[in-house]
$ cat start-v8.cif   # mmCIF, C-alpha atoms
data_structure
#
loop_
_atom_site.label_atom_id
_atom_site.label_comp_id
_atom_site.auth_asym_id
_atom_site.auth_seq_id
_atom_site.Cartn_x
_atom_site.Cartn_y
_atom_site.Cartn_z
CA MET A 17 30.95 48.83 -107.14
CA MET A 18 32.59 51.59 -105.13
CA LYS A 19 36.20 52.71 -105.33
CA LEU A 20 38.28 55.12 -103.25
CA LYS A 21 39.57 58.13 -105.20
CA ASN A 22 41.06 61.22 -103.55
CA ASN A 23 39.78 59.93 -100.19
CA ARG A 24 36.19 59.80 -101.55
CA LEU A 25 34.11 56.81 -102.53
CA ILE A 26 33.01 56.93 -106.13
CA SER A 27 30.93 54.56 -108.23
CA VAL A 28 32.92 52.54 -110.77
CA PRO A 29 31.33 51.79 -114.16
CA THR A 30 30.81 48.13 -115.02
CA THR A 31 33.57 48.21 -117.65
CA GLU A 32 36.17 49.03 -114.96
CA ARG A 33 35.11 46.28 -112.56
CA MET A 34 37.50 43.42 -112.03
CA ARG A 35 36.63 40.31 -113.96
CA PRO A 36 38.28 36.93 -113.51
CA ASP A 37 41.09 36.04 -115.90
CA THR A 38 39.61 33.54 -118.34
CA THR A 39 42.90 32.73 -120.11
CA PRO A 40 43.88 29.82 -117.80
CA ALA A 41 40.38 28.35 -118.04
CA LYS A 42 40.82 28.09 -121.82
CA ALA A 43 44.03 26.05 -121.47
CA SER A 44 44.06 22.27 -121.35
CA LYS A 45 42.76 20.87 -118.07
CA VAL A 46 46.20 19.59 -117.03
CA VAL A 47 47.93 22.94 -117.61
CA ALA A 48 45.07 24.99 -116.10
CA SER A 49 45.10 22.76 -113.03
CA ARG A 50 48.84 23.29 -112.52
CA TYR A 51 48.40 27.05 -113.08
CA TYR A 52 45.70 27.35 -110.39
CA GLN A 53 47.63 25.09 -107.99
CA LEU A 54 50.75 27.23 -108.39
CA ARG A 55 48.71 30.42 -108.07
CA THR A 56 47.27 29.24 -104.74
CA VAL A 57 50.60 27.70 -103.57
CA HIS A 58 49.06 24.18 -103.48
CA ALA A 59 51.09 22.73 -106.34
CA LEU A 60 53.39 19.73 -106.27
CA ILE A 61 56.40 21.77 -105.16
CA GLY A 62 58.78 21.28 -102.24
CA PRO A 63 57.30 23.42 -99.44
CA TYR A 64 53.72 22.21 -100.04
CA LEU A 65 54.71 18.54 -100.28
CA LYS A 66 56.80 18.81 -97.12
CA ASN A 67 53.95 20.60 -95.35
CA ILE A 68 51.44 17.83 -96.15
CA GLY A 69 53.94 15.11 -95.23
CA LYS A 70 54.55 13.72 -98.75
CA ARG A 71 58.29 14.52 -98.77
CA ALA A 72 60.90 14.82 -96.05
CA SER A 73 62.75 17.65 -97.79
CA ASP A 74 61.59 20.76 -99.62
CA THR A 75 64.78 21.17 -101.66
CA CYS A 76 64.71 21.21 -105.45
CA TRP A 77 64.89 17.77 -107.08
CA TRP A 78 65.32 19.18 -110.60
CA CYS A 79 68.67 20.92 -110.18
CA ASP A 80 70.02 19.05 -107.13
CA CYS A 81 70.70 22.25 -105.23
CA VAL A 82 69.98 22.84 -101.55
CA VAL A 83 67.53 25.66 -102.32
CA LYS A 84 63.89 25.31 -101.32
CA ARG A 85 61.84 24.21 -104.36
CA SER A 86 59.48 27.20 -104.18
CA ARG A 87 57.61 29.02 -106.94
CA GLU A 88 60.29 31.71 -106.76
CA HIS A 89 63.06 29.15 -107.36
CA LEU A 90 61.26 27.25 -110.12
CA PHE A 91 60.21 30.33 -112.08
CA LYS A 92 63.37 32.41 -111.59
CA SER A 93 66.50 30.40 -110.82
CA CYS A 94 66.16 26.61 -111.21
CA LYS A 95 68.94 25.49 -113.57
CA LYS A 96 66.71 22.80 -115.11
CA TRP A 97 64.33 25.38 -116.64
CA LYS A 98 66.81 28.17 -117.54
CA SER A 99 65.91 28.42 -121.24
CA GLN A 100 62.16 28.42 -120.50
CA GLN A 101 62.68 31.08 -117.80
CA VAL A 102 64.39 33.38 -120.31
CA ILE A 103 61.33 33.19 -122.58
CA LEU A 104 58.89 33.63 -119.68
CA TRP A 105 60.61 36.69 -118.20
CA ALA A 106 61.14 38.34 -121.60
CA GLU A 107 57.39 38.12 -122.15
CA VAL A 108 56.58 39.33 -118.62
CA ARG A 109 58.94 42.26 -119.14
CA LYS A 110 57.21 43.15 -122.43
CA LYS A 111 53.82 43.13 -120.70
CA THR A 112 54.73 44.77 -117.37
CA LYS A 113 57.85 46.82 -118.18
CA LYS A 114 59.52 45.23 -115.11
CA ARG A 115 62.67 43.12 -114.98
CA LYS A 116 62.64 39.65 -113.42
CA GLY A 117 64.25 40.95 -110.22
CA GLN A 118 61.55 43.62 -109.84
CA VAL A 119 58.64 41.19 -110.09
CA GLN A 120 57.31 39.24 -107.12
CA ILE A 121 56.41 35.71 -108.15
CA SER A 122 52.72 36.29 -107.38
CA GLU A 123 52.48 39.12 -109.93
CA PRO A 124 52.54 37.06 -113.16
CA PHE A 125 49.70 34.97 -111.71
CA ALA A 126 47.72 38.10 -110.82
CA GLU A 127 48.29 39.99 -114.08
CA GLU A 128 45.92 38.84 -116.81
CA LYS A 129 48.31 40.02 -119.51
CA CYS A 130 51.01 37.64 -118.14
CA SER A 131 48.81 34.52 -118.06
CA PRO A 132 49.71 33.32 -121.58
CA ALA A 133 53.45 33.47 -120.76
CA VAL A 134 52.97 31.56 -117.50
CA LEU A 135 50.83 28.94 -119.25
CA ASP A 136 53.47 28.52 -122.00
CA PHE A 137 56.13 28.07 -119.30
CA LEU A 138 54.02 25.37 -117.63
CA ARG A 139 53.39 23.59 -120.96
CA SER A 140 57.12 23.46 -121.68
CA THR A 141 58.29 22.36 -118.21
CA GLY A 142 57.54 19.73 -115.60
CA VAL A 143 56.90 22.38 -112.94
CA GLY A 144 54.09 21.15 -110.70
CA ARG A 145 53.50 18.06 -112.84
CA THR A 146 55.61 15.21 -111.51
CA VAL A 147 57.06 14.27 -108.17
CA PRO A 148 60.09 12.01 -108.03
CA ARG A 149 59.81 9.48 -105.24
CA GLU A 150 62.42 9.80 -102.52
CA ASP A 151 64.23 6.82 -104.12
CA GLY A 152 64.67 8.77 -107.38
CA GLU A 153 61.85 7.34 -109.51
CA ASN A 154 59.15 9.63 -110.96
CA GLU A 155 55.49 9.42 -110.08
CA ALA A 156 52.70 11.07 -112.08
CA ASP A 157 51.13 13.87 -110.08
CA GLN A 158 47.59 12.52 -110.20
CA GLY A 159 47.94 9.27 -112.11
CA GLY A 160 45.90 10.70 -114.98
CA PRO A 161 46.79 11.00 -118.65
CA SER A 162 49.95 12.87 -119.54
CA GLU A 163 49.77 16.31 -121.10
CA SER A 164 51.05 15.09 -124.43
CA SER A 165 48.23 12.57 -124.80
CA GLY A 166 45.53 15.25 -124.85
CA ALA A 167 44.85 17.96 -127.39
CA GLU A 168 47.01 21.05 -127.01
CA ASP A 169 45.33 24.38 -126.74
#
$ encode --input "start-v8.cif" --output "structure tokens"
Amino acid sequence: MMKLKNNRLISVPTTERMRPDTTPAKASKVVASRYYQLRTVHALIGPYLKNIGKRASDTCWWCDCVVKRSREHLFKSCKKWKSQQVILWAEVRKKTKKRKGQVQISEPFAEEKCSPAVLDFLRSTGVGRTVPREDGENEADQGGPSESSGAED
């Protein structure tokens, strides 16, 4: 693999080549699935569901605010997950030396060292897991078994 250094292409040793983050793949299937869906912005969150015609509104149904239910909102400011967010961002800060306000929401998904914190956040929240019907009832995201019925990782 070649890399640009001082405006010159140099060969990069195998040990420096990018490898995929295997941490999410080791998580339970349900959590790993939600992680990858959130990473690719195809999770069961407001903007995506509105885009595919599954919901009329993209506002947050967890905290009843008029804010778009985006990854940014769910991971940083949704009132429903405040205590879990504190834990997540403390861990991200330990790993990246950046405060919550300095981190774009895509960064914890891109940084291998942040994967365990993101996975713990997903295990402890309903983010990307359930979609309340427009009439207020909850629906399972894929009709499969719940997370608690399987073995935890």
$ closest_residue --input "start-v8.cif" --among "A:Thr38, A:Arg115, A:Tyr51, A:Cys79" --to "Val102 of chain A" --atoms "all atoms listed in the file"
A:Arg115
$ atom_distance --input "start-v8.cif" --atom1 "atom CA of Ala48 of chain A" --atom2 "atom CA of Gly142 of chain A"
13.5 Å
$ residues_around --input "start-v8.cif" --residues "Phe137 of chain A" --least-positions-apart "5" --cutoff "9 Å" --atoms "all atoms listed in the file" --output "list in words"
Phe91, Gln100, Gln101, Ile103, Leu104, Pro132 and Val143 of chain A
$ atom_distance --input "start-v8.cif" --atom1 "atom CA of His89 of chain A" --atom2 "atom CA of Lys114 of chain A"
18.2 Å
$ closest_residue --input "start-v8.cif" --among "A:Lys111, A:Lys98, A:Ala106, A:Pro40" --to "Lys129 of chain A" --atoms "only C-alpha atoms"
A:Lys111
$ closest_residue --input "start-v8.cif" --among "A:Thr75, A:Ser93, A:Ser140, A:Ser122" --to "Val57 of chain A" --atoms "all atoms listed in the file"
A:Ser122
$ decode --input "start-v8.cif" --residues "segment 20-129 of chain A" --atoms "C-alpha atoms" --output "PDB file, in the first residue's frame"
ATOM      1  CA  LEU A  20       1.597  10.259   0.744  1.00  0.00           C
ATOM      2  CA  LYS A  21       4.309  11.699   3.009  1.00  0.00           C
ATOM      3  CA  ASN A  22       5.967  15.065   2.399  1.00  0.00           C
ATOM      4  CA  ASN A  23       4.360  15.135  -1.067  1.00  0.00           C
ATOM      5  CA  ARG A  24       6.008  11.789  -1.955  1.00  0.00           C
ATOM      6  CA  LEU A  25       4.468   8.358  -2.232  1.00  0.00           C
ATOM      7  CA  ILE A  26       6.028   5.860   0.116  1.00  0.00           C
ATOM      8  CA  SER A  27       5.355   2.193   0.742  1.00  0.00           C
ATOM      9  CA  VAL A  28       3.545   1.457   4.012  1.00  0.00           C
ATOM     10  CA  PRO A  29       4.468  -1.709   5.938  1.00  0.00           C
ATOM     11  CA  THR A  30       1.707  -4.261   6.453  1.00  0.00           C
ATOM     12  CA  THR A  31       1.478  -3.469  10.181  1.00  0.00           C
ATOM     13  CA  GLU A  32       0.431   0.130   9.390  1.00  0.00           C
ATOM     14  CA  ARG A  33      -2.270  -0.798   6.884  1.00  0.00           C
ATOM     15  CA  MET A  34      -5.846  -0.168   7.868  1.00  0.00           C
ATOM     16  CA  ARG A  35      -7.687  -3.218   9.057  1.00  0.00           C
ATOM     17  CA  PRO A  36     -11.418  -3.413   9.699  1.00  0.00           C
ATOM     18  CA  ASP A  37     -12.586  -2.929  13.273  1.00  0.00           C
ATOM     19  CA  THR A  38     -13.513  -6.396  14.527  1.00  0.00           C
ATOM     20  CA  THR A  39     -14.974  -5.229  17.855  1.00  0.00           C
ATOM     21  CA  PRO A  40     -18.567  -4.783  16.580  1.00  0.00           C
ATOM     22  CA  ALA A  41     -18.448  -8.169  14.848  1.00  0.00           C
ATOM     23  CA  LYS A  42     -17.757  -9.796  18.224  1.00  0.00           C
ATOM     24  CA  ALA A  43     -20.879  -8.249  19.791  1.00  0.00           C
ATOM     25  CA  SER A  44     -24.243  -9.984  19.800  1.00  0.00           C
ATOM     26  CA  LYS A  45     -25.916 -10.020  16.401  1.00  0.00           C
ATOM     27  CA  VAL A  46     -28.658  -7.609  17.511  1.00  0.00           C
ATOM     28  CA  VAL A  47     -26.208  -5.014  18.869  1.00  0.00           C
ATOM     29  CA  ALA A  48     -23.753  -5.403  15.964  1.00  0.00           C
ATOM     30  CA  SER A  49     -26.607  -4.963  13.507  1.00  0.00           C
ATOM     31  CA  ARG A  50     -27.714  -1.720  15.173  1.00  0.00           C
ATOM     32  CA  TYR A  51     -24.089  -0.511  15.292  1.00  0.00           C
ATOM     33  CA  TYR A  52     -23.570  -1.045  11.541  1.00  0.00           C
ATOM     34  CA  GLN A  53     -26.978   0.445  10.704  1.00  0.00           C
ATOM     35  CA  LEU A  54     -26.177   3.568  12.728  1.00  0.00           C
ATOM     36  CA  ARG A  55     -22.695   3.750  11.241  1.00  0.00           C
ATOM     37  CA  THR A  56     -24.132   3.749   7.709  1.00  0.00           C
ATOM     38  CA  VAL A  57     -27.100   6.009   8.656  1.00  0.00           C
ATOM     39  CA  HIS A  58     -29.622   3.248   7.806  1.00  0.00           C
ATOM     40  CA  ALA A  59     -30.850   2.661  11.346  1.00  0.00           C
ATOM     41  CA  LEU A  60     -34.383   2.940  12.661  1.00  0.00           C
ATOM     42  CA  ILE A  61     -34.062   6.657  13.381  1.00  0.00           C
ATOM     43  CA  GLY A  62     -36.244   9.583  12.325  1.00  0.00           C
ATOM     44  CA  PRO A  63     -34.607  10.874   9.119  1.00  0.00           C
ATOM     45  CA  TYR A  64     -34.127   7.384   7.635  1.00  0.00           C
ATOM     46  CA  LEU A  65     -37.663   6.234   8.488  1.00  0.00           C
ATOM     47  CA  LYS A  66     -39.128   9.425   7.043  1.00  0.00           C
ATOM     48  CA  ASN A  67     -36.976   9.051   3.925  1.00  0.00           C
ATOM     49  CA  ILE A  68     -38.220   5.503   3.247  1.00  0.00           C
ATOM     50  CA  GLY A  69     -41.831   6.470   3.968  1.00  0.00           C
ATOM     51  CA  LYS A  70     -42.270   4.555   7.250  1.00  0.00           C
ATOM     52  CA  ARG A  71     -42.990   7.667   9.356  1.00  0.00           C
ATOM     53  CA  ALA A  72     -44.516  11.037   8.569  1.00  0.00           C
ATOM     54  CA  SER A  73     -42.236  12.904  10.969  1.00  0.00           C
ATOM     55  CA  ASP A  74     -38.531  12.658  11.747  1.00  0.00           C
ATOM     56  CA  THR A  75     -38.806  14.211  15.222  1.00  0.00           C
ATOM     57  CA  CYS A  76     -37.654  12.340  18.314  1.00  0.00           C
ATOM     58  CA  TRP A  77     -40.266  10.033  19.851  1.00  0.00           C
ATOM     59  CA  TRP A  78     -38.190   9.326  22.962  1.00  0.00           C
ATOM     60  CA  CYS A  79     -38.057  12.814  24.461  1.00  0.00           C
ATOM     61  CA  ASP A  80     -41.096  14.389  22.741  1.00  0.00           C
ATOM     62  CA  CYS A  81     -39.094  17.335  21.471  1.00  0.00           C
ATOM     63  CA  VAL A  82     -39.362  18.871  18.013  1.00  0.00           C
ATOM     64  CA  VAL A  83     -35.729  18.049  17.193  1.00  0.00           C
ATOM     65  CA  LYS A  84     -34.930  15.693  14.332  1.00  0.00           C
ATOM     66  CA  ARG A  85     -34.238  12.199  15.715  1.00  0.00           C
ATOM     67  CA  SER A  86     -30.761  11.982  14.169  1.00  0.00           C
ATOM     68  CA  ARG A  87     -27.652  10.149  15.341  1.00  0.00           C
ATOM     69  CA  GLU A  88     -26.371  13.490  16.641  1.00  0.00           C
ATOM     70  CA  HIS A  89     -29.498  14.005  18.752  1.00  0.00           C
ATOM     71  CA  LEU A  90     -29.683  10.440  20.076  1.00  0.00           C
ATOM     72  CA  PHE A  91     -26.017  10.199  21.023  1.00  0.00           C
ATOM     73  CA  LYS A  92     -25.545  13.742  22.339  1.00  0.00           C
ATOM     74  CA  SER A  93     -28.728  15.447  23.521  1.00  0.00           C
ATOM     75  CA  CYS A  94     -31.810  13.199  23.744  1.00  0.00           C
ATOM     76  CA  LYS A  95     -33.178  13.556  27.286  1.00  0.00           C
ATOM     77  CA  LYS A  96     -34.244   9.890  27.374  1.00  0.00           C
ATOM     78  CA  TRP A  97     -30.623   8.641  27.238  1.00  0.00           C
ATOM     79  CA  LYS A  98     -28.863  11.362  29.303  1.00  0.00           C
ATOM     80  CA  SER A  99     -27.237   9.024  31.847  1.00  0.00           C
ATOM     81  CA  GLN A 100     -26.012   6.631  29.130  1.00  0.00           C
ATOM     82  CA  GLN A 101     -24.654   9.591  27.121  1.00  0.00           C
ATOM     83  CA  VAL A 102     -22.568  10.735  30.093  1.00  0.00           C
ATOM     84  CA  ILE A 103     -20.911   7.307  30.258  1.00  0.00           C
ATOM     85  CA  LEU A 104     -20.423   7.131  26.472  1.00  0.00           C
ATOM     86  CA  TRP A 105     -18.819  10.565  26.142  1.00  0.00           C
ATOM     87  CA  ALA A 106     -16.604  10.101  29.209  1.00  0.00           C
ATOM     88  CA  GLU A 107     -15.200   6.979  27.562  1.00  0.00           C
ATOM     89  CA  VAL A 108     -14.847   8.676  24.157  1.00  0.00           C
ATOM     90  CA  ARG A 109     -13.019  11.554  25.834  1.00  0.00           C
ATOM     91  CA  LYS A 110     -10.635   9.116  27.553  1.00  0.00           C
ATOM     92  CA  LYS A 111      -9.855   7.466  24.220  1.00  0.00           C
ATOM     93  CA  THR A 112      -9.720  10.525  21.935  1.00  0.00           C
ATOM     94  CA  LYS A 113      -8.883  13.405  24.310  1.00  0.00           C
ATOM     95  CA  LYS A 114     -11.801  15.348  22.758  1.00  0.00           C
ATOM     96  CA  ARG A 115     -14.895  16.716  24.474  1.00  0.00           C
ATOM     97  CA  LYS A 116     -18.385  15.787  23.256  1.00  0.00           C
ATOM     98  CA  GLY A 117     -18.775  19.135  21.480  1.00  0.00           C
ATOM     99  CA  GLN A 118     -15.506  18.618  19.585  1.00  0.00           C
ATOM    100  CA  VAL A 119     -16.458  15.205  18.212  1.00  0.00           C
ATOM    101  CA  GLN A 120     -18.517  14.729  15.063  1.00  0.00           C
ATOM    102  CA  ILE A 121     -20.974  11.888  15.501  1.00  0.00           C
ATOM    103  CA  SER A 122     -19.277   9.832  12.774  1.00  0.00           C
ATOM    104  CA  GLU A 123     -15.959   9.772  14.673  1.00  0.00           C
ATOM    105  CA  PRO A 124     -16.859   7.268  17.430  1.00  0.00           C
ATOM    106  CA  PHE A 125     -18.030   4.888  14.680  1.00  0.00           C
ATOM    107  CA  ALA A 126     -14.777   5.376  12.753  1.00  0.00           C
ATOM    108  CA  GLU A 127     -12.396   5.110  15.720  1.00  0.00           C
ATOM    109  CA  GLU A 128     -11.716   1.500  16.671  1.00  0.00           C
ATOM    110  CA  LYS A 129     -10.817   2.519  20.216  1.00  0.00           C
TER     111      LYS A 129
END
